[in-house]
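Student: Have a look at the structure that comes next, please.
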Amino acid sequence: MQQEITRELVQSWLPRRQADSNKGSYGSVLTAAGSLAYRGAAALCAEGALRGGAGLVYLASVEPVVQMVLARTPECCACGCRTAAGGGIHPQDAAALRSWFAEKHAVLLAGPGSGEGAGEVCRALLGKNPPWAGAVLDADALNALAAGRLRDPLPENTILTPHPGEAARLLGCTVADVQADREQAVLRLAETYHCVAVLKGSGTLIAAPGGELLHNAAGNAGLARGGSGDILAGLTAGLLAAGLKQNRTPAQMAACAVWLHGTAADRCARRRSMTAMLPTDIFADLGEILAEMEL
C-alpha cells in the first residue's frame with residue numbers, strides 16, 4: 001500500500017543539526033560527476049549535496065570542471081582527476097579515489113554528467129567490497145548498471161534515481177511498460193537491485209526491498225528541464241550522508257529529498273513560472289522551507 005509523503009513525515013525524518021556537533025557529525029559525500037561535455041551537472045549535484053546538509057562534500061572530476069565548480073561553491077573539497085579520452089574522469093584515478101576513501105565511510109554519488117567512459121569509472125569506484133557508507137547512482141551510472149558493467153552487490157544503503165527511460169533499461173522493458181504500471185516498476189527495481197529505487201516523473205514513487213512504497217505529489221512541469229535531476233541526486237546524497245549518522249533509512253532520506261525538491265519547485269513556479277524557472281532557482285525556496293521547519 002502506498003504511503004503519501006507529507007510535510008509532517010518529512011519534518012520527523014529530516015536529520016537535526018545539533019549544537020554540540022561538527023562537520024564530521026553529518027557525514028561526507030564524494031561526488032564523481034561531470035565531464036568536458038557536461039560540466040554543469042557536477043556543479044548542480046555538488047551544490048545539492050551541500051544544501052542537503054552533508055558535513056563534507058568532495059568533488060571528483062576533470063580539472064576544468066573542478067575549477068568551474070569551486071568558483072561557484074568554494075565549500076567543496078577538490079579531487080582533480082586526469083581527463084580520459086571521452087572527456088570524463090580517467091578510470092585509474094577513479095580506482096585511486098576508491099583507495100583514498102577506503103576509511104572515510106563516505107556516501108558515493110556517481111553518474112551525473114559523467115559521459116562516455118562512465119561504466120569504467122563506476123566499476124572502478126564500486127568494484128568488489130566497496131568502501132562506501134551508501135551510494136546514490138544516477139544518470140550514466142544507471143546506464144552502466146543496466147548494461148551489466150557493475151559488479152554485484154551494490155553497496156549497502158544504495159539509492160537509484162532513474163527517470164522512466166533509465167528504469168526501462170534497468171528492467172529490460174519499454175518506457176510504455178514502466179509508465180503503464182509505475183508502482184510495479186519501482187517495486188521491481190527495488191527487489192531486482194536490492195536497494196531503494198526512486199522512479200522520477202509526475203507522482204514520483206519510492207520503493208524499498210520488502211515492498212515499502214512511498215508516493216510524492218509535490219512538484220510540477222517546471223522541473224522538466226536539464227539539471228533538475230542533478231540537483232535531486234545531490235540533495236539525496238547529502239541527506240543520506242547526514243541521515244545515516246542519525247539512524248535514518250535510505251528510503252526516508254530519499255523521500256525527504258524528493259518532497260523537498262518538489263515542494264521547492266512548486267514555490268519557485270509561483271515566483272518564476274513553470275516556463276521561466278531554472279533548476280538553480282529552487283535553492284532559494286529550499287532554504288525557506290527548511291528555515292520554516294527550523295532545521
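Residues in the C-alpha cells are numbered from 1 in each chain, the chains being A, B, ... in the order shown, and ligands are numbered from 1 in the order shown.
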Going by DSSP on the backbone, which residues of segment 77-272 of chain A come out as alpha helix (DSSP H)? List them as a count of residues only.

Tutor: 92

Student: Run DSSP on the backbone and give me the residues of segment 50-204 of chain A it puts in strand (DSSP E or B), as a list in words.

Tutor: Leu56, Val57, Tyr58, Leu59, Ala60, Ser61, Val62, Cys77, Ala78, Cys79, Gly80, Cys81, Thr83, Ile89, Val107, Leu108, Leu109, Ala110, Gly134, Ala135, Val136, Leu137, Thr158, Ile159, Leu160, Val196, Ala197, Val198 and Leu199 of chain A

Student: For segment 172-263 of chain A against segment 87-108 of chain A, with a cut-off of 9 Å and counting only C-alpha atoms, what is the closest atom pair and its distance in Å to one decimal for every residue that makes the cut, ordered by chain and number, as CSV?

Tutor:
```
residue,atom,partner,partner_atom,distance
A:Ala237,CA,A:Val107,CA,6.7
A:Gly238,CA,A:Val107,CA,8.2
A:Leu240,CA,A:Val107,CA,7.4
A:Ala241,CA,A:Val107,CA,5.8
```

Student: Which of these, A:Cys45, A:Leu9, A:Met1, A:Ala110, has the shortest distance to Phe283 of chain A once you count only C-alpha atoms?

Tutor: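 Distance minimum relative to Phe283 of chain A lands on A:Cys45.
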
Student: Of the residues A:Asn220, A:Thr249, A:Gln11, A:Thr236, which is the one nearest to Pro279 of chain A, using only C-alpha atoms?

Tutor: A:Asn220
